[in-house]
Structure formats: structure tokens, C-alpha cells
Amino acid sequence: MATRPKRRGPGGARPGAGRKRIVQDPERIAVDLEKPDLDALRSLARDRDTSVADLIRRAVTQLLRRAGRTK
């Protein structure tokens, strides 16, 4: 049985491999929510098969559009 040569170096990711970013230039913030609101958001996210962060991003985008504050 032939043995494989040992790998050298750490390897590395292929260009373009992996999950694409949802937000291109993200900035993080912390938001405090009431527990019932967060529970409702988590439930809604599960029902829609998405994340709480995605629901919040969509809500912010919708609010800014209505207020005429989009880029």
C-alpha cells in the first residue's frame, strides 16, 4: 500500500469558495429588546426560515424607504 506524501503548509481556501456575504460592508450594533419582542422575532424567523438579523435588516430598510431616507 502506497503512503501519501505529507501535506505542507496550512492549505487554504479556494478563491470564491464559501458562503457569500449577505451584507457587503457590515457594521455591528447592539440593540436591547424586550423579551416578548425577541421571542416573537425568533418565532417569526423560524416560521419564515430566516434569521432574526435578516428580519431586522428588512424592517430597517422598509422604515428608511417609507421615511425617504434611502441612498
# chains A, B, ... in the order shown; residues from 1 in each chain; ligands from 1
call {"tool": "select_by_dssp", "arguments": {"residues": "chain A", "states": "alpha helix (DSSP H)", "output": "PyMOL selection string"}}
result
chain A and resi 35-47+52-66
call {"tool": "residues_around", "arguments": {"residues": "Ile56 of chain A", "least_positions_apart": "2", "cutoff": "12 Å", "atoms": "only C-alpha atoms", "output": "VMD selection string"}}
result
chain A and resid 29 31 33 37 to 38 41 to 42 44 to 45 50 to 54 58 to 63
call {"tool": "decode", "arguments": {"residues": "chain A", "atoms": "C-alpha atoms", "output": "short mmCIF file (atom, residue, chain, number, x, y, z; two decimals), in the first residue's frame"}}
result
data_model
loop_
_atom_site.label_atom_id
_atom_site.label_comp_id
_atom_site.auth_asym_id
_atom_site.auth_seq_id
_atom_site.Cartn_x
_atom_site.Cartn_y
_atom_site.Cartn_z
CA MET A 1 0.00 0.00 0.00
CA ALA A 2 1.45 3.34 -1.04
CA THR A 3 1.65 6.12 1.52
CA ARG A 4 0.54 9.61 0.74
CA PRO A 5 3.06 12.42 0.95
CA LYS A 6 2.53 14.69 3.93
CA ARG A 7 0.85 17.97 3.24
CA ARG A 8 2.95 21.05 3.63
CA GLY A 9 1.55 24.32 4.83
CA PRO A 10 -1.88 25.15 6.10
CA GLY A 11 -3.69 24.60 2.81
CA GLY A 12 -6.09 27.40 2.27
CA ALA A 13 -9.40 28.43 0.85
CA ARG A 14 -10.01 28.46 -2.86
CA PRO A 15 -10.79 31.88 -4.31
CA GLY A 16 -14.55 32.38 -4.41
CA ALA A 17 -15.23 29.38 -2.16
CA GLY A 18 -17.55 29.58 0.80
CA ARG A 19 -20.79 31.30 1.59
CA LYS A 20 -21.28 34.73 0.05
CA ARG A 21 -21.77 37.68 2.37
CA ILE A 22 -25.32 38.78 2.99
CA VAL A 23 -24.23 42.34 3.81
CA GLN A 24 -21.28 43.67 1.81
CA ASP A 25 -19.81 46.16 4.30
CA PRO A 26 -21.35 45.28 7.66
CA GLU A 27 -21.22 47.38 10.78
CA ARG A 28 -22.37 45.87 14.04
CA ILE A 29 -24.58 47.46 16.66
CA ALA A 30 -26.10 46.21 19.88
CA VAL A 31 -29.83 46.56 20.43
CA ASP A 32 -31.72 45.80 23.63
CA LEU A 33 -35.16 44.28 23.05
CA GLU A 34 -37.91 43.34 25.45
CA LYS A 35 -38.02 39.56 25.92
CA PRO A 36 -41.54 39.16 24.45
CA ASP A 37 -40.46 41.08 21.33
CA LEU A 38 -37.32 38.98 20.90
CA ASP A 39 -39.30 35.77 21.43
CA ALA A 40 -41.80 36.88 18.77
CA LEU A 41 -38.96 37.76 16.36
CA ARG A 42 -37.34 34.35 16.89
CA SER A 43 -40.65 32.61 16.27
CA LEU A 44 -41.28 34.65 13.11
CA ALA A 45 -37.76 33.95 11.87
CA ARG A 46 -38.29 30.21 12.38
CA ASP A 47 -41.65 30.35 10.57
CA ARG A 48 -40.06 32.19 7.63
CA ASP A 49 -36.91 30.05 7.63
CA THR A 50 -34.64 33.06 8.07
CA SER A 51 -32.63 34.73 10.82
CA VAL A 52 -33.62 37.37 13.35
CA ALA A 53 -30.86 39.57 11.89
CA ASP A 54 -32.40 39.27 8.43
CA LEU A 55 -35.83 40.28 9.76
CA ILE A 56 -34.30 43.30 11.50
CA ARG A 57 -32.37 44.34 8.35
CA ARG A 58 -35.58 44.11 6.30
CA ALA A 59 -37.56 46.12 8.86
CA VAL A 60 -34.90 48.87 8.94
CA THR A 61 -34.78 49.01 5.13
CA GLN A 62 -38.57 49.28 4.95
CA LEU A 63 -38.64 52.02 7.60
CA LEU A 64 -35.97 54.04 5.79
CA ARG A 65 -37.77 53.71 2.44
CA ARG A 66 -41.02 54.96 3.95
CA ALA A 67 -39.20 57.89 5.52
CA GLY A 68 -37.48 58.72 2.23
CA ARG A 69 -34.04 58.16 3.72
CA THR A 70 -32.63 55.51 1.39
CA LYS A 71 -29.41 56.04 -0.50
#
